[in-house]
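Chemist: This structure is in structure tokens; I'll ask about it shortly.
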Amino acid sequence: MKYLFVFAQSHEEFRVPELLSISELHGFTIGFDRYANVLDKAIKRPFMILTLDKEEHAHVLAQRCILIKSVHEFYAEGASYEVLHEQNSRARPQWERYIPDTSFKFCVLGYNFTIGQRRQRQIIESFAYMDFLGKIEMKNPEVTLTVFEESPDGGLRKDGEFTQVYFGRLVVDGTARSLMGTFDVKKRQYFGNTSMEAEISLLMANQTLASPGKLIYDPFIGTGSMAYTTAYFGAFVYGSDIDGRQMRGKDKTPGIIRAAAQYGVASRIMDLCTFDITNHPWRCGNFFDAIITDPPYGVRAGAKRLGRKKIREDRLQPATPRPNEPYIPPTKPYELSQLVTDLVLLARYLLRPGGRLVFFLPTVSDEYAPPDINTVLCEGMELVANSLQDFGSWGRRLITIKKTAHTEYLPPSFDSVREAEESRDTHVPAHKDFREKYFQGFKKDGE
């Protein structure tokens, strides 16, 4: 059967990947009907007509997909009400079972505009041929019939002007969107200036296919934004960071554990550890079901790895350690394109076959090209989704990569791999040296 999906007016490119991820998690398929090419281009419109085998699948999607506002059994659409009513009349076998003794109400809604009450009444009266005999109930009806008028341009328009109108029966409201309030960073007991906003954290968790019993790893966990959402969906989470202070905070109980307790998921945070991913302790691969992370890319915090910066030979004298102070190993900048390459290699080693790597990749809008992502991939890793969050002169792309190989790979030796790559003439991605581009180029232009 066909269903009309109504989406929140944000993150257009994230909609289809989220739908496909949750349907894959629950073992059913979605038919995209005439939207066969939605994976190749962003769908800017808030309405989408999709095919599902069972109505219960609509409930599953609405309870988990963050971007769904509501799902409706689809009856008709048209560029005019004449076309809509003609199509709706042909759909009579779908809605006539509700005619006899079912309480009902009509809703008339506009996208990007408000429809006047007088015209709402006229629109509702135009459906009189449906002959509903039940009681009109405005608070708790058994059936809610909804008309949606769409005007993509928004702005100034005359009442009655629209490009498309849809009609259907409400199946379920999108309850998952309430989680944005639950995980609101401002209400969290522990957070930092790099904490990911709730909506994005939830979208990333859905891309990992987080569910009870799965084991998920965040190698740049910071203050733990993605740990809480993935754990909320039932997964066990392991986190690490090169800077343990972000994970711990200043209190005796680590900040991440305190925030996890606030959400009732502290028991699902397996452990937190301080190390550099290029000098990691993992001696066993094929271990995690997913890796989720937001690597530091320099806008608010620069990436670091163990090692010393290049210094003059006359400054090679080791610093005299201060008594009663812990040793803090030296670090050096970690260039973003190198970090991303290393992250994919680490994921190939640590992920189980079919496991997913989900991470954000910032990029310069004018310089981005598809090879930027393709060159990151390696043997045994396949791109699943690439969704842009646009900030104008720059944006960040939510990348989902799946491990397709069943081979057990050895732990990657990052420096040797990098030396081999640098010896070749390779494509220079738009995210290379992103930090310098951000602060020296388009950041200044936008100020």
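Chain labels run A, B, ... following the order of the structure tokens; each chain numbers its residues from 1, and ligands are numbered from 1 in the order shown.
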If you run DSSP on the backbone here, which positions in region 41-219 of chain A get strand (DSSP E)? Please write them as a PyMOL selection string.
Modeler: chain A and resi 47-51+68-78+104-111+143-150+164-173+215-218
Chemist: Any idea what's packed within 10 Å of region 21-26 of chain A, counting only C-alpha atoms, ignoring anything in its chain fewer than 3 positions away? Could you give it as a list in words?
Modeler: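 After dropping sequence-adjacent residues, the list is Val16, Pro17, Glu18, Thr29, Ile30, His57, Ala58, Val60, Leu61, Ala62, Arg64, Cys65, Asn206, Gln207, Thr208, Leu209, Ala210, Ser211, Val384 and Ala385 of chain A.
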Chemist: Give me a file of those residues, with N, CA, C and O atoms, as a PDB file, in the first residue's frame.
Modeler:
ATOM      1  N   VAL A  16      16.124  10.130   3.298  1.00  0.00           N
ATOM      2  CA  VAL A  16      16.129   8.808   2.675  1.00  0.00           C
ATOM      3  C   VAL A  16      17.116   7.856   3.345  1.00  0.00           C
ATOM      4  O   VAL A  16      16.771   6.705   3.631  1.00  0.00           O
ATOM      5  N   PRO A  17      18.359   8.282   3.632  1.00  0.00           N
ATOM      6  CA  PRO A  17      19.265   7.367   4.343  1.00  0.00           C
ATOM      7  C   PRO A  17      18.694   6.890   5.678  1.00  0.00           C
ATOM      8  O   PRO A  17      18.875   5.722   6.043  1.00  0.00           O
ATOM      9  N   GLU A  18      18.006   7.771   6.402  1.00  0.00           N
ATOM     10  CA  GLU A  18      17.425   7.350   7.672  1.00  0.00           C
ATOM     11  C   GLU A  18      16.315   6.328   7.459  1.00  0.00           C
ATOM     12  O   GLU A  18      16.249   5.307   8.157  1.00  0.00           O
ATOM     13  N   THR A  29      11.375  -3.730   3.420  1.00  0.00           N
ATOM     14  CA  THR A  29      11.790  -2.850   2.328  1.00  0.00           C
ATOM     15  C   THR A  29      10.798  -1.713   2.140  1.00  0.00           C
ATOM     16  O   THR A  29       9.632  -1.805   2.540  1.00  0.00           O
ATOM     17  N   ILE A  30      11.274  -0.656   1.507  1.00  0.00           N
ATOM     18  CA  ILE A  30      10.450   0.504   1.184  1.00  0.00           C
ATOM     19  C   ILE A  30      10.461   0.682  -0.317  1.00  0.00           C
ATOM     20  O   ILE A  30      11.523   0.691  -0.943  1.00  0.00           O
ATOM     21  N   HIS A  57       4.665  -1.321   9.535  1.00  0.00           N
ATOM     22  CA  HIS A  57       5.969  -0.789   9.157  1.00  0.00           C
ATOM     23  C   HIS A  57       5.981   0.735   9.259  1.00  0.00           C
ATOM     24  O   HIS A  57       7.011   1.328   9.593  1.00  0.00           O
ATOM     25  N   ALA A  58       4.846   1.370   8.977  1.00  0.00           N
ATOM     26  CA  ALA A  58       4.749   2.822   9.132  1.00  0.00           C
ATOM     27  C   ALA A  58       4.923   3.211  10.594  1.00  0.00           C
ATOM     28  O   ALA A  58       5.575   4.213  10.913  1.00  0.00           O
ATOM     29  N   VAL A  60       6.646   1.506  12.842  1.00  0.00           N
ATOM     30  CA  VAL A  60       8.057   1.281  13.175  1.00  0.00           C
ATOM     31  C   VAL A  60       8.901   2.481  12.753  1.00  0.00           C
ATOM     32  O   VAL A  60       9.736   2.985  13.521  1.00  0.00           O
ATOM     33  N   LEU A  61       8.680   2.965  11.537  1.00  0.00           N
ATOM     34  CA  LEU A  61       9.456   4.095  11.029  1.00  0.00           C
ATOM     35  C   LEU A  61       9.178   5.368  11.828  1.00  0.00           C
ATOM     36  O   LEU A  61      10.095   6.111  12.180  1.00  0.00           O
ATOM     37  N   ALA A  62       7.906   5.612  12.135  1.00  0.00           N
ATOM     38  CA  ALA A  62       7.538   6.833  12.854  1.00  0.00           C
ATOM     39  C   ALA A  62       8.051   6.837  14.285  1.00  0.00           C
ATOM     40  O   ALA A  62       8.313   7.896  14.853  1.00  0.00           O
ATOM     41  N   ARG A  64      10.900   5.603  15.211  1.00  0.00           N
ATOM     42  CA  ARG A  64      12.363   5.602  15.254  1.00  0.00           C
ATOM     43  C   ARG A  64      12.987   6.712  14.404  1.00  0.00           C
ATOM     44  O   ARG A  64      14.033   7.253  14.772  1.00  0.00           O
ATOM     45  N   CYS A  65      12.384   7.084  13.284  1.00  0.00           N
ATOM     46  CA  CYS A  65      12.971   8.084  12.389  1.00  0.00           C
ATOM     47  C   CYS A  65      12.737   9.486  12.931  1.00  0.00           C
ATOM     48  O   CYS A  65      11.597   9.914  13.119  1.00  0.00           O
ATOM     49  N   ASN A 206      20.823   6.456  14.309  1.00  0.00           N
ATOM     50  CA  ASN A 206      20.005   5.650  13.404  1.00  0.00           C
ATOM     51  C   ASN A 206      20.830   5.101  12.249  1.00  0.00           C
ATOM     52  O   ASN A 206      20.592   3.980  11.776  1.00  0.00           O
ATOM     53  N   GLN A 207      21.809   5.863  11.787  1.00  0.00           N
ATOM     54  CA  GLN A 207      22.658   5.371  10.698  1.00  0.00           C
ATOM     55  C   GLN A 207      23.526   4.196  11.131  1.00  0.00           C
ATOM     56  O   GLN A 207      23.932   3.383  10.300  1.00  0.00           O
ATOM     57  N   THR A 208      23.818   4.068  12.411  1.00  0.00           N
ATOM     58  CA  THR A 208      24.606   2.930  12.889  1.00  0.00           C
ATOM     59  C   THR A 208      23.777   1.663  13.033  1.00  0.00           C
ATOM     60  O   THR A 208      24.316   0.600  13.285  1.00  0.00           O
ATOM     61  N   LEU A 209      22.435   1.788  12.905  1.00  0.00           N
ATOM     62  CA  LEU A 209      21.511   0.669  13.155  1.00  0.00           C
ATOM     63  C   LEU A 209      21.580   0.232  14.616  1.00  0.00           C
ATOM     64  O   LEU A 209      21.464  -0.954  14.939  1.00  0.00           O
ATOM     65  N   ALA A 210      21.763   1.194  15.515  1.00  0.00           N
ATOM     66  CA  ALA A 210      21.863   0.889  16.950  1.00  0.00           C
ATOM     67  C   ALA A 210      20.617   0.163  17.431  1.00  0.00           C
ATOM     68  O   ALA A 210      19.494   0.564  17.131  1.00  0.00           O
ATOM     69  N   SER A 211      20.816  -0.897  18.197  1.00  0.00           N
ATOM     70  CA  SER A 211      19.718  -1.705  18.724  1.00  0.00           C
ATOM     71  C   SER A 211      20.251  -2.558  19.872  1.00  0.00           C
ATOM     72  O   SER A 211      21.476  -2.662  20.055  1.00  0.00           O
ATOM     73  N   VAL A 384      27.574   3.927   1.809  1.00  0.00           N
ATOM     74  CA  VAL A 384      26.128   3.703   1.941  1.00  0.00           C
ATOM     75  C   VAL A 384      25.363   5.008   1.777  1.00  0.00           C
ATOM     76  O   VAL A 384      24.332   5.055   1.105  1.00  0.00           O
ATOM     77  N   ALA A 385      25.834   6.084   2.403  1.00  0.00           N
ATOM     78  CA  ALA A 385      25.118   7.356   2.339  1.00  0.00           C
ATOM     79  C   ALA A 385      26.105   8.507   2.496  1.00  0.00           C
ATOM     80  O   ALA A 385      27.121   8.395   3.181  1.00  0.00           O
TER      81      ALA A 385
END
Chemist: Compile the contact shell of Ala8 (chain A) as a ChimeraX atom specification: residues with an atom at most 8 Å away, counting only C-alpha atoms, same-chain residues fewer than 6 positions apart removed.
Modeler: /A:46,67-69
Chemist: To one decimal place, how far is CA of Met180 (chain A) from CA of Leu202 (chain A) in Å?
Modeler: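 According to the coordinates, CA of Met180 (chain A) and CA of Leu202 (chain A) are separated by 7.8 Å.
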Chemist: Which residues are near Thr400 (chain A)? Cut-off 10 Å, only C-alpha atoms, ignore same chain within fewer than 2 positions. Put them as number ranges by chain.
Modeler: A: 17, 204, 207-208, 291-292, 356-360, 382-387, 397-398, 402
Chemist: Pick the closest to Gln164 (chain A) from A:Glu82, A:Glu56, A:Asp390, A:Asp218: which is it, counting only C-alpha atoms?
Modeler: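 Of A:Glu82, A:Glu56, A:Asp390, A:Asp218, the one nearest Gln164 (chain A) is A:Glu82, counting only C-alpha atoms.
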Chemist: Measure the distance from CA of Ser267 (chain A) to CA of Leu346 (chain A) in Å and round it to one decimal.
Modeler: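 CA of Ser267 (chain A) sits 26.2 Å away from CA of Leu346 (chain A).
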Chemist: From the list A:Pro370, A:Pro100, A:Pro429, A:Gly222, which residue is nearest Pro254 (chain A) when using only C-alpha atoms?
Modeler: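 Checking each candidate against Pro254 (chain A), we get A:Gly222 as the closest.
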Chemist: Residues near region 304-308 of chain A, anyone? I mean within 12 Å using only C-alpha atoms, not counting same-chain ones fewer than 6 positions away, as a VMD selection string.
Modeler: chain A and resid 220 241 to 243 274 to 280 295 to 298 316 318 328 to 336 338 to 339 342 414 to 415
Chemist: Using only C-alpha atoms, determine which residues lie at most 8 Å from Thr363 (chain A), disregarding the query and same-chain residues fewer than 3 positions distant; provide the list as a PyMOL selection string.
Modeler: chain A and resi 367-368+394-397+430-431+434
Chemist: Restricting it to N, CA and C atoms, dump the selection as an mmCIF file, in the first residue's frame.
Modeler:
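File produced: part.cif:
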data_model
loop_
_atom_site.group_PDB
_atom_site.id
_atom_site.type_symbol
_atom_site.label_atom_id
_atom_site.label_comp_id
_atom_site.auth_asym_id
_atom_site.auth_seq_id
_atom_site.Cartn_x
_atom_site.Cartn_y
_atom_site.Cartn_z
ATOM 1 N N GLU A 367 34.684 23.594 -3.493
ATOM 2 C CA GLU A 367 35.755 22.692 -3.912
ATOM 3 C C GLU A 367 35.357 21.219 -3.872
ATOM 4 N N TYR A 368 34.213 20.914 -3.248
ATOM 5 C CA TYR A 368 33.848 19.506 -3.069
ATOM 6 C C TYR A 368 33.561 18.822 -4.406
ATOM 7 N N TRP A 394 30.727 26.513 3.538
ATOM 8 C CA TRP A 394 31.223 25.197 3.921
ATOM 9 C C TRP A 394 30.050 24.372 4.423
ATOM 10 N N GLY A 395 30.269 23.101 4.541
ATOM 11 C CA GLY A 395 29.239 22.203 5.047
ATOM 12 C C GLY A 395 29.905 20.980 5.642
ATOM 13 N N ARG A 396 29.111 20.174 6.315
ATOM 14 C CA ARG A 396 29.645 18.910 6.812
ATOM 15 C C ARG A 396 28.767 17.781 6.289
ATOM 16 N N ARG A 397 29.404 16.711 5.889
ATOM 17 C CA ARG A 397 28.722 15.584 5.275
ATOM 18 C C ARG A 397 28.694 14.406 6.241
ATOM 19 N N ALA A 430 38.654 18.236 -0.964
ATOM 20 C CA ALA A 430 38.320 19.578 -0.485
ATOM 21 C C ALA A 430 38.468 19.703 1.019
ATOM 22 N N HIS A 431 38.457 18.569 1.737
ATOM 23 C CA HIS A 431 38.594 18.650 3.190
ATOM 24 C C HIS A 431 40.052 18.660 3.650
ATOM 25 N N PHE A 434 41.488 21.564 6.098
ATOM 26 C CA PHE A 434 40.233 22.288 6.285
ATOM 27 C C PHE A 434 40.362 23.393 7.329
#
